[in-house]
Each structure stands twice: as structure tokens, then as C-alpha cells.
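Everything below belongs to run36.cif, which stores mmCIF, C-alpha atoms.
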data_entry
loop_
_atom_site.label_atom_id
_atom_site.label_comp_id
_atom_site.auth_asym_id
_atom_site.auth_seq_id
_atom_site.Cartn_x
_atom_site.Cartn_y
_atom_site.Cartn_z
CA MET A 1 55.71 103.02 -39.05
CA PRO A 2 52.65 100.72 -38.80
CA ASP A 3 53.19 97.65 -36.64
CA PRO A 4 52.93 94.52 -38.87
CA MET A 5 51.52 92.73 -35.81
CA ASP A 6 48.44 94.93 -36.15
CA ASP A 7 47.79 93.52 -39.65
CA GLU A 8 48.25 89.96 -38.40
CA LEU A 9 45.85 90.53 -35.51
CA ALA A 10 43.28 92.10 -37.82
CA ALA A 11 43.61 89.24 -40.33
CA TYR A 12 43.07 86.62 -37.64
CA ASN A 13 40.23 88.52 -35.94
CA TYR A 14 38.52 89.30 -39.21
CA ALA A 15 35.65 91.79 -39.15
CA ILE A 16 34.10 90.36 -42.33
CA PHE A 17 33.40 86.65 -42.87
CA ARG A 18 34.61 85.55 -46.29
CA GLY A 19 34.73 81.77 -45.79
CA GLU A 20 38.50 81.61 -46.25
CA GLU A 21 39.22 78.88 -43.71
CA ASP A 22 41.89 76.43 -44.88
CA PHE A 23 40.31 72.99 -44.53
CA ASP A 24 43.12 71.38 -46.57
CA ALA A 25 45.78 72.64 -44.17
CA PHE A 26 43.85 71.12 -41.26
CA ALA A 27 44.38 67.68 -42.81
CA GLY A 28 48.15 68.12 -42.36
CA ARG A 29 50.23 67.90 -39.20
CA PRO A 30 49.96 67.37 -36.37
CA HIS A 31 48.34 63.98 -36.92
CA ALA A 32 46.80 61.45 -34.57
CA GLY A 33 49.64 59.56 -32.93
CA GLU A 34 51.82 62.67 -32.60
CA ARG A 35 52.40 64.84 -29.56
CA ALA A 36 49.87 67.62 -29.13
CA PRO A 37 51.18 71.19 -29.15
CA ASP A 38 51.27 72.77 -25.71
CA ILE A 39 49.50 76.12 -25.63
CA THR A 40 48.83 78.70 -22.95
CA LEU A 41 45.22 79.68 -22.43
CA THR A 42 43.38 81.96 -20.01
CA ASP A 43 40.50 80.92 -17.77
CA LEU A 44 37.46 83.15 -17.30
CA GLU A 45 38.98 84.56 -14.11
CA GLY A 46 42.03 85.74 -16.06
CA ASN A 47 44.52 83.08 -14.93
CA ALA A 48 47.02 81.53 -17.36
CA VAL A 49 46.59 77.77 -17.87
CA ALA A 50 49.05 75.52 -19.73
CA LEU A 51 47.22 72.82 -21.67
CA SER A 52 49.96 70.34 -20.72
CA SER A 53 49.04 70.80 -17.05
CA LEU A 54 45.57 69.46 -17.88
CA TRP A 55 46.49 66.34 -19.85
CA ARG A 56 48.52 64.87 -16.97
CA ALA A 57 45.52 63.52 -15.09
CA ASN A 58 42.93 62.66 -17.73
CA HIS A 59 42.22 62.43 -21.42
CA LEU A 60 41.22 65.81 -22.87
CA VAL A 61 38.40 66.61 -25.27
CA LEU A 62 38.99 70.05 -26.78
CA GLU A 63 36.26 71.82 -28.70
CA PHE A 64 37.44 75.05 -30.34
CA GLY A 65 34.81 77.64 -31.17
CA SER A 66 33.19 80.97 -30.40
CA TYR A 67 29.80 82.48 -29.58
CA THR A 68 29.26 83.27 -33.25
CA MET B 1 28.80 68.38 -26.22
CA ASP B 2 28.08 69.45 -22.63
CA ALA B 3 25.98 66.31 -22.10
CA LEU B 4 28.76 64.16 -23.53
CA ALA B 5 31.29 65.84 -21.23
CA ALA B 6 29.13 65.07 -18.17
CA GLU B 7 28.53 61.49 -19.28
CA TYR B 8 32.24 60.70 -19.75
CA ALA B 9 33.66 62.70 -16.82
CA GLU B 10 33.66 59.59 -14.64
CA ARG B 11 35.48 57.62 -17.34
CA GLY B 12 38.65 59.70 -17.30
CA PHE B 13 37.80 62.48 -19.76
CA ASP B 14 38.05 66.22 -19.08
CA SER B 15 36.23 68.33 -21.66
CA LEU B 16 37.10 71.93 -22.44
CA PHE B 17 35.75 74.65 -24.71
CA ILE B 18 38.56 76.75 -26.15
CA TYR B 19 37.37 80.21 -27.13
CA THR B 20 38.73 81.45 -30.47
CA ARG B 21 38.05 84.39 -32.79
CA GLU B 22 34.43 85.05 -33.76
CA ALA B 23 33.48 82.95 -36.80
CA HIS B 24 30.55 85.10 -37.94
CA PRO B 25 30.96 88.51 -36.32
CA GLY B 26 28.05 90.93 -36.51
CA GLU B 27 26.95 94.24 -35.07
CA ILE B 28 25.68 92.65 -31.84
CA LEU B 29 28.50 90.12 -31.38
CA PRO B 30 31.49 91.78 -33.09
CA HIS B 31 35.02 90.65 -33.95
CA HIS B 32 37.68 91.02 -31.26
CA THR B 33 39.95 94.04 -31.04
CA SER B 34 41.39 93.42 -27.56
CA PHE B 35 41.98 90.47 -25.26
CA ALA B 36 39.74 92.02 -22.59
CA GLN B 37 36.90 92.08 -25.11
CA LYS B 38 37.58 88.45 -26.13
CA LEU B 39 37.49 87.40 -22.47
CA ALA B 40 34.23 89.32 -21.98
CA MET B 41 32.70 87.61 -25.04
CA ALA B 42 33.69 84.21 -23.63
CA ARG B 43 32.03 85.06 -20.30
CA ARG B 44 28.91 86.26 -22.13
CA PHE B 45 28.87 83.03 -24.17
CA GLN B 46 29.03 80.99 -20.96
CA GLU B 47 26.27 82.96 -19.26
CA GLU B 48 23.87 83.36 -22.17
CA GLN B 49 24.31 79.88 -23.64
CA GLY B 50 24.64 78.08 -20.30
CA VAL B 51 27.85 76.33 -21.26
CA GLN B 52 28.72 73.76 -18.58
CA ARG B 53 32.22 72.82 -19.70
CA ARG B 54 35.22 74.80 -18.53
CA ILE B 55 35.96 77.60 -21.03
CA LEU B 56 39.57 78.61 -21.68
CA VAL B 57 40.35 81.57 -23.91
CA ASP B 58 43.05 81.53 -26.57
CA ALA B 59 45.40 84.47 -27.11
CA LEU B 60 44.12 87.43 -29.15
CA ASP B 61 46.43 86.53 -32.03
CA GLY B 62 45.05 82.97 -32.16
CA ALA B 63 48.43 81.44 -31.28
CA GLY B 64 46.89 78.28 -29.85
CA HIS B 65 44.07 78.02 -32.37
CA LYS B 66 46.55 78.25 -35.27
CA LEU B 67 48.61 75.35 -33.87
CA TYR B 68 45.44 73.25 -33.84
CA GLY B 69 44.34 74.13 -37.37
CA ALA B 70 42.39 77.40 -37.00
CA LEU B 71 39.06 76.07 -38.30
CA PRO B 72 35.91 77.47 -36.69
CA ASN B 73 34.56 74.45 -34.79
CA ILE B 74 37.11 71.67 -34.50
CA THR B 75 37.43 68.96 -31.86
CA TRP B 76 40.61 67.21 -30.78
CA ILE B 77 40.98 64.40 -28.26
CA LEU B 78 44.32 64.06 -26.48
CA LEU B 79 45.25 60.94 -24.54
CA ARG B 80 46.48 61.31 -20.99
CA GLY B 81 50.07 62.48 -21.48
CA GLY B 82 49.34 64.55 -24.59
CA LEU B 83 49.28 62.13 -27.52
CA ILE B 84 46.72 63.06 -30.19
CA ALA B 85 44.00 60.42 -30.52
CA TYR B 86 41.46 62.24 -32.71
CA LYS B 87 41.11 65.41 -34.75
CA ALA B 88 37.97 66.44 -36.57
CA ALA B 89 37.49 69.39 -38.91
CA TRP B 90 34.00 69.86 -37.50
CA THR B 91 32.43 69.12 -34.13
CA ASP B 92 29.70 66.51 -34.14
CA ALA B 93 28.75 65.08 -30.75
CA GLU B 94 27.99 61.60 -32.08
CA ASP B 95 31.29 61.41 -33.92
CA VAL B 96 33.11 62.61 -30.80
CA ARG B 97 31.29 59.95 -28.77
CA MET B 98 32.60 57.23 -31.11
CA ALA B 99 36.11 58.62 -30.75
CA MET B 100 35.80 58.69 -26.95
CA GLU B 101 34.60 55.09 -26.95
CA ASN B 102 37.66 54.22 -29.02
CA VAL B 103 39.92 55.88 -26.44
CA ALA B 104 38.13 53.98 -23.66
CA ARG B 105 38.63 50.76 -25.62
CA ILE B 106 42.38 51.41 -25.85
CA ALA B 107 42.49 51.81 -22.07
CA GLU B 108 40.57 48.55 -21.66
CA LEU B 109 42.95 46.69 -23.98
CA ARG B 110 45.90 48.02 -21.97
CA ARG B 111 44.31 46.77 -18.77
CA ARG B 112 43.97 43.30 -20.29
CA GLY B 113 47.70 43.24 -21.07
CA GLY B 114 49.40 41.92 -24.19
CA ARG B 115 51.16 43.82 -26.93
CA LEU B 116 49.36 46.75 -28.55
CA ALA B 117 50.47 48.21 -31.87
CA PRO B 118 49.11 51.62 -32.88
CA PHE B 119 47.95 52.34 -36.41
CA TRP B 120 46.63 55.46 -38.13
CA THR B 121 43.18 55.73 -39.69
CA GLU B 122 41.33 58.29 -41.83
CA ARG B 123 37.57 58.45 -42.00
CA LEU B 124 34.90 60.71 -43.50
CA GLY B 125 32.30 61.96 -41.05
CA TYR B 126 28.84 63.34 -41.73
CA ARG B 127 26.80 65.59 -39.50
CA VAL B 128 23.15 66.58 -39.59
CA VAL B 129 22.85 70.29 -40.38
CA ASP B 130 20.30 72.24 -38.36
CA GLN B 131 19.93 75.11 -40.82
CA ALA B 132 17.21 76.86 -38.80
CA ALA B 133 19.41 76.97 -35.69
CA PHE B 134 22.38 78.16 -37.73
CA ASN B 135 20.34 80.94 -39.32
CA ALA B 136 18.97 81.98 -35.92
CA GLY B 137 22.56 82.20 -34.68
CA LEU B 138 23.56 84.48 -37.54
CA GLU B 139 20.58 86.73 -36.78
CA ARG B 140 21.60 86.86 -33.11
CA ASN B 141 25.09 88.00 -34.19
CA GLY B 142 23.66 90.87 -36.24
CA PRO B 143 22.47 91.62 -39.81
CA LYS B 144 26.07 91.90 -41.04
CA ALA B 145 26.68 88.25 -40.19
CA VAL B 146 23.53 87.23 -42.11
CA ASN B 147 24.53 89.24 -45.17
CA GLU B 148 28.12 88.04 -45.22
CA PHE B 149 27.11 84.40 -45.02
CA GLU B 150 24.55 84.99 -47.77
CA ALA B 151 27.28 86.53 -49.91
CA PHE B 152 29.56 83.56 -49.20
CA THR B 153 26.99 80.89 -50.01
CA HIS B 154 25.83 82.61 -53.20
CA ARG B 155 29.30 83.88 -54.17
CA VAL B 156 27.96 87.43 -54.27
CA PRO B 157 30.70 90.09 -54.07
CA LEU B 158 30.30 91.79 -50.68
CA ASP B 159 30.14 95.26 -52.22
CA ARG B 160 27.02 94.18 -54.14
CA LEU B 161 25.18 93.82 -50.83
CA GLU B 162 25.71 97.49 -50.15
CA GLU B 163 24.08 98.60 -53.41
#
Just give me the structure as C-alpha cells.
Amino acid sequence: MPDPMDDELAAYNYAIFRGEEDFDAFAGRPHAGERAPDITLTDLEGNAVALSSLWRANHLVLEFGSYT
Amino acid sequence: MDALAAEYAERGFDSLFIYTREAHPGEILPHHTSFAQKLAMARRFQEEQGVQRRILVDALDGAGHKLYGALPNITWILLRGGLIAYKAAWTDAEDVRMAMENVARIAELRRRGGRLAPFWTERLGYRVVDQAAFNAGLERNGPKAVNEFEAFTHRVPLDRLEE
């Protein structure tokens, strides 16, 4: 049986750009004034980093993007 | 954005680049099929583009990116402690600078004392489009990326490009 996770991964990591980003959904929650979601990321050395561990000391500016 | 990060580092701001899926994958810079590949692409991005900010890589399934809206080049500013101060559907350094100045102003008002009452605003931003740089980026990614963006902008069915 195919793993549905495979479809989800392929949909997120699309091979073909079709310009289907949901700009309307971005205007929804979370809003300014609300708590930011905590997420776990990986540094370039392969170590796990919780975002919440970084906002304790300073304000955070987060740019999301890719090489392409 | 790197210059902005350096300029504001002494004013209490840490700036990060969070690596997501590829927005315009091509033959040379393809879409991700494994986390190891995504990590390698992030390292390549840092080396080849000389990115100065710390780069952190999101999960392969975009778990973090999805929680923050999943658009290709967004910027969020979080206050110390994790409260959202700013979210923008596109990254524009001058717009981000204004938002950072606003955060610095809040800190200054707190220092002065008195009662502060938060309120929510909505604003339309504009950015200057460097079409030549964007096109050069698509070409760097590979011909597929050029063709797919062409199809998108002209609403050409993708299978027509293969004829």
C-alpha cells in the first residue's frame, strides 16, 4: 500500500512550479500580537534547534526562503 | 537582509534564514527528495551566495514553514519571548527595517515607563522588482525553472511547452 506521507511530501516539495501558493491563507492566523508557533529546525551542522530557545535572549527576524 | 541583520545585531535583534522547499526547482537546483539533500542545498546556498546570517533548515515535510504560512519568501519578526510583531507575505529589506524600527520604538517606550496599550495594524507594502536578477536566478536553477515560470505568467498549460 502506498504511504500517504509520500504524496504529502511530494506535494510540499513540488517538482514543478505552478504558482499555487495560498496568499489568502497567509493573511489568517497567527496574527501579530499572538504567540509564535515553536518549531524545530536543523542547523547546517545537523543539530536540532528549537526556535523558542532563540527568542529568549533577543528579538528574532525570520526570513523563510530557498536557493531558488 | 544580511546588511540589515549586521546593522541591528547590536540593538537586540538576531536574524535567521530558514531554509524551505525550493520555490523554482530546475535541473541544476532540483526539488528536495530527502532531508540530507535539503541540508546540502542549504549549505550550497550559504557557500555560493555568501549568506552571512545563520541558516536553519526546516523539516523535509515543511512542518515549520506551514505553521508560518508556507509562502516562498516571507519575513516574520518575533519579540523577545515569542510574541509576533510583524509578518509580511514578501521579504523587502526596507519594509523589514521599518518594522524593526517599530520594535525598537516599543522597547524605548517601555524604558520610558507609563502604560502601553497594544493595537493591531494592517498595511500594504510595495517592493521594487529586479526582474533581471529574478530571471538570472531562474536560469541558474535550470531551463525547467525558466519554462515553468513562463507558463505561469502567461497561463500557458505546461504540456504546451513540451510540444
Could you tell me which residues the PyMOL selection byres ((chain B) within 6 of (chain A)) returns for this structure, as a PyMOL selection string? chain B and resi 12-24+31-32+45+56-58+61+64+69+72-86+148
If the PyMOL selection byres ((chain B and resi 126-141) around 6) is run on the structure shown, which residues does it catch, given as a ChimeraX atom specification? /B:26,28-29,125,142,145-146
How many Å separate atom CA of Arg44 of chain B from atom CA of Pro143 of chain B?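 Separation of atom CA of Arg44 of chain B and atom CA of Pro143 of chain B: 19.6 Å.
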Point out the residue among B:Glu94, B:Leu116, B:Ala6, B:Arg11 with the least atom-to-atom distance to Val51 of chain B, counting all atoms listed in the file.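 Counting all atoms listed in the file, the residue closest to Val51 of chain B is B:Ala6.
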What does the structure give for the distance between atom CA of Phe35 of chain B and atom CA of Glu48 of chain B, in Å to one decimal? 19.7 Å
Distance in Å - atom CA of Asn147 of chain B versus atom CA of Pro30 of chain B: 14.2 Å
Taking (32.6, 57.8, -30.9) in the coordinates of the supplied file, I want to know which residues reach to within 12 Å of it, counting all atoms listed in the file; could you give the answer as a PyMOL selection string? (chain A and resi 61) or (chain B and resi 4+8+77+85-86+88+91-105+125)
